[in-house]
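Q: Input entry.tsv, format and content: TSV, C-alpha atoms.
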```tsv
chain	number	residue	atom	x	y	z
X	1	MET	CA	-75.86	-25.42	136.21
X	2	ALA	CA	-72.72	-24.99	138.34
X	3	SER	CA	-69.57	-26.85	137.36
X	4	SER	CA	-69.64	-28.91	140.60
X	5	GLU	CA	-73.19	-30.07	139.84
X	6	ILE	CA	-72.20	-31.08	136.30
X	7	TYR	CA	-69.25	-33.02	137.71
X	8	GLU	CA	-71.48	-34.87	140.20
X	9	ASP	CA	-74.06	-35.69	137.49
X	10	ILE	CA	-71.40	-37.07	135.15
X	11	LYS	CA	-69.86	-39.08	138.00
X	12	GLU	CA	-73.26	-40.58	138.88
X	13	ASN	CA	-73.90	-41.47	135.21
X	14	LEU	CA	-70.48	-43.14	135.03
X	15	ARG	CA	-71.16	-45.19	138.15
X	16	ASN	CA	-74.51	-46.31	136.72
X	17	THR	CA	-72.82	-47.26	133.44
X	18	LEU	CA	-70.17	-49.28	135.28
X	19	SER	CA	-72.88	-51.03	137.29
X	20	HIS	CA	-74.73	-51.93	134.07
X	21	LEU	CA	-71.50	-53.26	132.55
X	22	LYS	CA	-70.85	-55.46	135.58
X	23	ALA	CA	-74.42	-56.74	135.51
X	24	SER	CA	-74.27	-57.43	131.77
X	25	ILE	CA	-71.05	-59.42	132.09
X	26	LYS	CA	-72.36	-61.33	135.08
X	27	GLN	CA	-75.91	-62.08	133.87
X	28	ASN	CA	-75.26	-62.42	130.12
X	29	SER	CA	-72.07	-64.49	130.01
X	30	LEU	CA	-71.06	-64.78	126.38
X	31	ARG	CA	-70.34	-68.50	126.74
X	32	ARG	CA	-74.02	-69.19	127.45
X	33	LEU	CA	-75.24	-67.30	124.42
X	34	GLY	CA	-75.03	-68.36	120.84
X	35	GLY	CA	-74.85	-66.73	117.47
X	36	GLU	CA	-76.79	-63.52	117.08
X	37	GLU	CA	-77.58	-63.08	120.78
X	38	ARG	CA	-73.90	-63.25	121.67
X	39	GLN	CA	-73.09	-60.65	119.03
X	40	LYS	CA	-75.82	-58.29	120.28
X	41	CYS	CA	-74.61	-58.69	123.85
X	42	ALA	CA	-71.01	-57.96	122.81
X	43	GLN	CA	-72.12	-54.87	120.93
X	44	GLU	CA	-74.09	-53.61	123.94
X	45	ILE	CA	-71.14	-54.16	126.26
X	46	ALA	CA	-68.81	-52.37	123.81
X	47	ARG	CA	-71.28	-49.48	123.58
X	48	LYS	CA	-71.46	-49.18	127.37
X	49	SER	CA	-67.66	-49.32	127.59
X	50	SER	CA	-67.29	-46.54	125.00
X	51	GLN	CA	-69.88	-44.50	126.88
X	52	ALA	CA	-67.89	-44.98	130.11
X	53	HIS	CA	-64.70	-43.72	128.42
X	54	ILE	CA	-66.55	-40.65	127.13
X	55	LEU	CA	-67.90	-39.92	130.62
X	56	ILE	CA	-64.38	-40.20	132.06
X	57	LYS	CA	-63.16	-37.66	129.51
X	58	ASP	CA	-66.02	-35.36	130.53
X	59	LEU	CA	-64.99	-35.73	134.18
X	60	GLU	CA	-61.38	-34.90	133.35
X	61	TYR	CA	-62.54	-31.79	131.50
X	62	GLU	CA	-64.59	-30.72	134.54
X	63	ILE	CA	-61.53	-31.27	136.74
X	64	TYR	CA	-59.56	-28.92	134.51
X	65	GLN	CA	-62.29	-26.29	134.94
X	66	ALA	CA	-62.47	-26.73	138.73
X	67	PRO	CA	-60.47	-24.65	141.27
X	68	VAL	CA	-56.97	-25.97	141.95
X	69	THR	CA	-57.78	-26.67	145.62
X	70	TYR	CA	-60.43	-29.26	144.62
X	71	GLN	CA	-58.59	-30.90	141.71
X	72	ALA	CA	-56.53	-33.34	143.80
X	73	GLU	CA	-59.59	-35.01	145.39
X	74	MET	CA	-61.45	-35.05	142.07
X	75	ASN	CA	-58.46	-36.70	140.37
X	76	ARG	CA	-58.42	-39.41	143.05
X	77	GLU	CA	-62.12	-40.12	142.45
X	78	VAL	CA	-61.67	-40.34	138.69
X	79	LYS	CA	-58.63	-42.56	139.15
X	80	ARG	CA	-60.73	-45.02	141.19
X	81	LEU	CA	-63.46	-44.99	138.52
X	82	LYS	CA	-60.85	-45.60	135.81
X	83	TYR	CA	-59.52	-48.54	137.78
X	84	ASP	CA	-63.06	-49.99	138.01
X	85	LEU	CA	-63.50	-49.61	134.25
X	86	GLU	CA	-60.13	-51.22	133.54
X	87	THR	CA	-61.07	-54.13	135.84
X	88	ILE	CA	-64.33	-54.60	133.94
X	89	GLU	CA	-62.53	-54.48	130.58
X	90	ARG	CA	-60.01	-57.07	131.77
X	91	SER	CA	-62.93	-59.26	132.77
X	92	MET	CA	-64.38	-58.76	129.26
X	93	GLU	CA	-61.05	-59.80	127.71
X	94	VAL	CA	-60.93	-62.94	129.86
X	95	THR	CA	-64.53	-63.79	128.93
X	96	LYS	CA	-63.78	-63.35	125.20
X	97	SER	CA	-60.65	-65.48	125.40
X	98	LYS	CA	-62.56	-68.26	127.14
X	99	GLN	CA	-65.42	-68.27	124.65
X	100	LEU	CA	-63.29	-68.54	121.49
X	101	PRO	CA	-62.80	-72.34	121.58
X	102	TYR	CA	-66.51	-72.82	122.25
X	103	SER	CA	-67.48	-70.55	119.38
X	104	LYS	CA	-65.24	-72.54	117.04
X	105	GLN	CA	-66.93	-75.75	118.09
X	106	VAL	CA	-70.53	-74.59	117.75
X	107	THR	CA	-70.30	-72.09	114.88
X	108	PHE	CA	-70.16	-73.44	111.36
X	109	GLY	CA	-71.45	-72.49	107.94
X	110	LYS	CA	-71.68	-69.16	106.19
X	111	GLY	CA	-71.82	-66.94	109.29
X	112	SER	CA	-68.69	-68.25	111.02
X	113	SER	CA	-66.14	-66.16	109.08
X	114	SER	CA	-68.23	-62.96	109.35
X	115	GLN	CA	-68.65	-63.45	113.11
X	116	SER	CA	-64.90	-63.99	113.50
X	117	GLN	CA	-64.30	-60.85	111.49
X	118	ASP	CA	-66.75	-58.94	113.74
X	119	VAL	CA	-64.93	-60.13	116.85
X	120	SER	CA	-61.59	-59.12	115.32
X	121	ASP	CA	-62.95	-55.71	114.37
X	122	GLN	CA	-64.36	-55.19	117.85
X	123	THR	CA	-61.04	-56.21	119.41
X	124	SER	CA	-59.15	-53.78	117.17
X	125	LEU	CA	-61.66	-51.05	118.00
X	126	MET	CA	-61.24	-51.66	121.74
X	127	LEU	CA	-57.44	-51.59	121.45
X	128	GLY	CA	-57.56	-48.37	119.44
X	129	HIS	CA	-59.99	-46.89	121.93
X	130	LYS	CA	-57.68	-47.81	124.82
X	131	SER	CA	-54.75	-46.16	123.05
X	132	LEU	CA	-56.78	-43.01	122.56
X	133	GLN	CA	-57.87	-43.18	126.19
X	134	ARG	CA	-54.27	-43.42	127.40
X	135	ALA	CA	-53.22	-40.52	125.18
X	136	SER	CA	-56.17	-38.46	126.36
X	137	ALA	CA	-55.37	-39.27	130.00
X	138	SER	CA	-51.75	-38.24	129.47
X	139	ILE	CA	-52.84	-34.94	127.90
X	140	THR	CA	-55.32	-34.36	130.72
X	141	ARG	CA	-52.66	-35.02	133.36
X	142	SER	CA	-50.30	-32.62	131.60
X	143	THR	CA	-53.06	-30.04	131.45
X	144	VAL	CA	-53.83	-30.46	135.16
X	145	VAL	CA	-50.13	-30.16	136.05
X	146	ALA	CA	-49.87	-27.06	133.85
X	147	ALA	CA	-52.95	-25.57	135.54
X	148	GLU	CA	-51.51	-26.30	138.99
X	149	SER	CA	-48.16	-24.80	137.96
X	150	GLU	CA	-49.97	-21.75	136.60
X	151	GLY	CA	-51.87	-21.38	139.88
X	152	ILE	CA	-48.66	-21.65	141.90
X	153	GLY	CA	-46.98	-19.15	139.57
X	154	ASN	CA	-49.87	-16.72	139.99
X	155	GLU	CA	-49.65	-17.03	143.77
X	156	ILE	CA	-45.90	-16.39	143.65
X	157	LEU	CA	-46.46	-13.35	141.42
X	158	ASP	CA	-49.10	-12.05	143.83
X	159	ASN	CA	-46.72	-12.50	146.77
X	160	LEU	CA	-43.92	-10.79	144.86
X	161	GLY	CA	-46.28	-7.93	143.98
X	162	GLN	CA	-47.23	-7.53	147.64
X	163	GLN	CA	-43.58	-7.61	148.70
X	164	ARG	CA	-42.76	-5.03	146.04
X	165	GLU	CA	-45.49	-2.73	147.38
X	166	GLN	CA	-44.16	-3.21	150.91
X	167	LEU	CA	-40.63	-2.36	149.74
X	168	HIS	CA	-41.93	0.75	147.99
X	169	ARG	CA	-43.75	1.82	151.13
X	170	THR	CA	-40.63	1.14	153.22
X	171	ARG	CA	-38.52	3.16	150.77
X	172	ASP	CA	-41.00	6.04	150.94
X	173	ARG	CA	-40.92	5.94	154.74
X	174	LEU	CA	-37.11	5.94	154.69
X	175	GLU	CA	-37.10	8.91	152.33
X	176	ASP	CA	-39.53	10.77	154.60
X	177	THR	CA	-37.35	9.86	157.59
X	178	ASP	CA	-34.26	11.13	155.76
X	179	VAL	CA	-36.03	14.41	155.01
X	180	GLU	CA	-37.05	14.75	158.65
X	181	LEU	CA	-33.49	13.99	159.79
X	182	THR	CA	-32.14	16.62	157.40
X	183	LYS	CA	-34.57	19.19	158.80
X	184	THR	CA	-33.66	18.19	162.35
X	185	ARG	CA	-29.94	18.45	161.58
X	186	LYS	CA	-30.43	21.94	160.15
X	187	LEU	CA	-32.49	22.95	163.16
X	188	LEU	CA	-29.82	21.64	165.55
X	189	LEU	CA	-27.13	23.56	163.64
X	190	SER	CA	-29.22	26.71	163.87
X	191	ILE	CA	-29.76	26.23	167.59
X	192	ASN	CA	-26.05	25.58	168.07
X	193	ARG	CA	-25.17	28.82	166.27
X	194	LYS	CA	-27.64	30.74	168.41
X	195	VAL	CA	-26.16	29.23	171.57
X	196	ILE	CA	-22.64	30.22	170.54
X	197	THR	CA	-23.82	33.71	169.63
X	198	ASN	CA	-25.59	34.06	172.98
X	199	LYS	CA	-22.46	32.91	174.80
X	200	ILE	CA	-20.32	35.47	172.99
X	201	PHE	CA	-22.88	38.19	173.75
X	202	LEU	CA	-22.96	37.19	177.41
X	203	VAL	CA	-19.14	37.27	177.62
X	204	PHE	CA	-19.19	40.74	176.03
X	205	ILE	CA	-21.77	41.96	178.54
X	206	VAL	CA	-19.68	40.50	181.40
X	207	PHE	CA	-16.58	42.37	180.20
X	208	VAL	CA	-18.59	45.60	179.79
X	209	GLU	CA	-19.97	45.29	183.32
X	210	LEU	CA	-16.48	44.53	184.67
X	211	GLY	CA	-15.16	47.65	182.89
X	212	ILE	CA	-17.95	49.77	184.31
X	213	LEU	CA	-17.37	48.32	187.78
X	214	GLY	CA	-13.62	48.97	187.49
X	215	GLY	CA	-14.24	52.58	186.44
X	216	VAL	CA	-16.59	53.19	189.35
X	217	VAL	CA	-14.06	51.76	191.84
X	218	TYR	CA	-11.26	53.86	190.37
X	219	ILE	CA	-13.29	57.04	190.48
X	220	LYS	CA	-14.44	56.37	194.00
X	221	PHE	CA	-11.15	55.41	195.57
X	222	PHE	CA	-8.45	56.77	193.29
X	223	GLY	CA	-10.02	59.72	191.55
X	224	PRO	CA	-9.43	63.43	192.45
X	225	LYS	CA	-11.07	64.51	195.67
```
Would it be possible to restate this file's structure as structure tokens?
A:
Amino acid sequence: MASSEIYEDIKENLRNTLSHLKASIKQNSLRRLGGEERQKCAQEIARKSSQAHILIKDLEYEIYQAPVTYQAEMNREVKRLKYDLETIERSMEVTKSKQLPYSKQVTFGKGSSSQSQDVSDQTSLMLGHKSLQRASASITRSTVVAAESEGIGNEILDNLGQQREQLHRTRDRLEDTDVELTKTRKLLLSINRKVITNKIFLVFIVFVELGILGGVVYIKFFGPK
């Protein structure tokens, strides 16, 4: 099963668990129950609450496994679900605090001390569970931030790698251009030397022709007849 499907299944299970918790608190108010029924109801609500916390941890793990681009929206969803669970737990605390005077009035005999001890143990368990939940949430947030930082770092490294390749290609092109310029400079120097040589040769030819022309004129007009 794909990670996104697992995340959606866990989220649906958590919503169902929260709905059951709300219904249990609404329909089975502890003040209207007595003795053993009240204890069973409290145990069921505590079990559902623990199950909800476990499902939230599973969601946070799936968020850590998800791509960085989807993690922000998933975190917002889980944050809303956490808020719903905390609201339900506050309602449970209010219900327990309201029922204590009633339980003292109606509960006597051998079972009263054991029931009080059970309530105290359940309260301690809930407080310990909340502490663990907060610590787990803090670790999860740190892990998510680390994952996001790692993703950003990887993107920066990729960009730097691409820029390095571009710089290498630019350097290679500049080196090729420098080689071509060197060849061109040598070719221009060679052409310049040939031009100078040709000019000198042409001047020499001009002087030779002038000498020949001067000799012909001398022989024709000034030579012996």
Q: Measuring between only C-alpha atoms, which one of X:Ser49, X:Thr197, X:Gln71, X:Asn192 shows the shortest distance to Glu86 (chain X)?
A: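 Nearest candidate to Glu86 (chain X) out of X:Ser49, X:Thr197, X:Gln71, X:Asn192: X:Ser49.
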Q: How many Å lie between CA of Leu85 (chain X) and CA of Arg47 (chain X), rounded to one decimal?
A: 13.2 Å
Q: For region 10-24 of chain X, list every protein, DNA or RNA residue within 8 Å, evaluated using only C-alpha atoms, and leave out those in the same chain fewer than 4 positions away; present the list as a PyMOL selection string.
A: chain X and resi 6+28-29+45+48-49+51-52+55-56+58-59+81+84-85+88
Q: One decimal, Å: what's the distance from CA of Thr143 (chain X) over to CA of Asn159 (chain X), could you say?
A: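 The value is 24.1 Å.
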Q: For the atom pair CA of Gln65 (chain X) and CA of Arg80 (chain X), what is the interatomic distance in Å to one decimal place?
A: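 Going from CA of Gln65 (chain X) over to CA of Arg80 (chain X), I get 19.8 Å.
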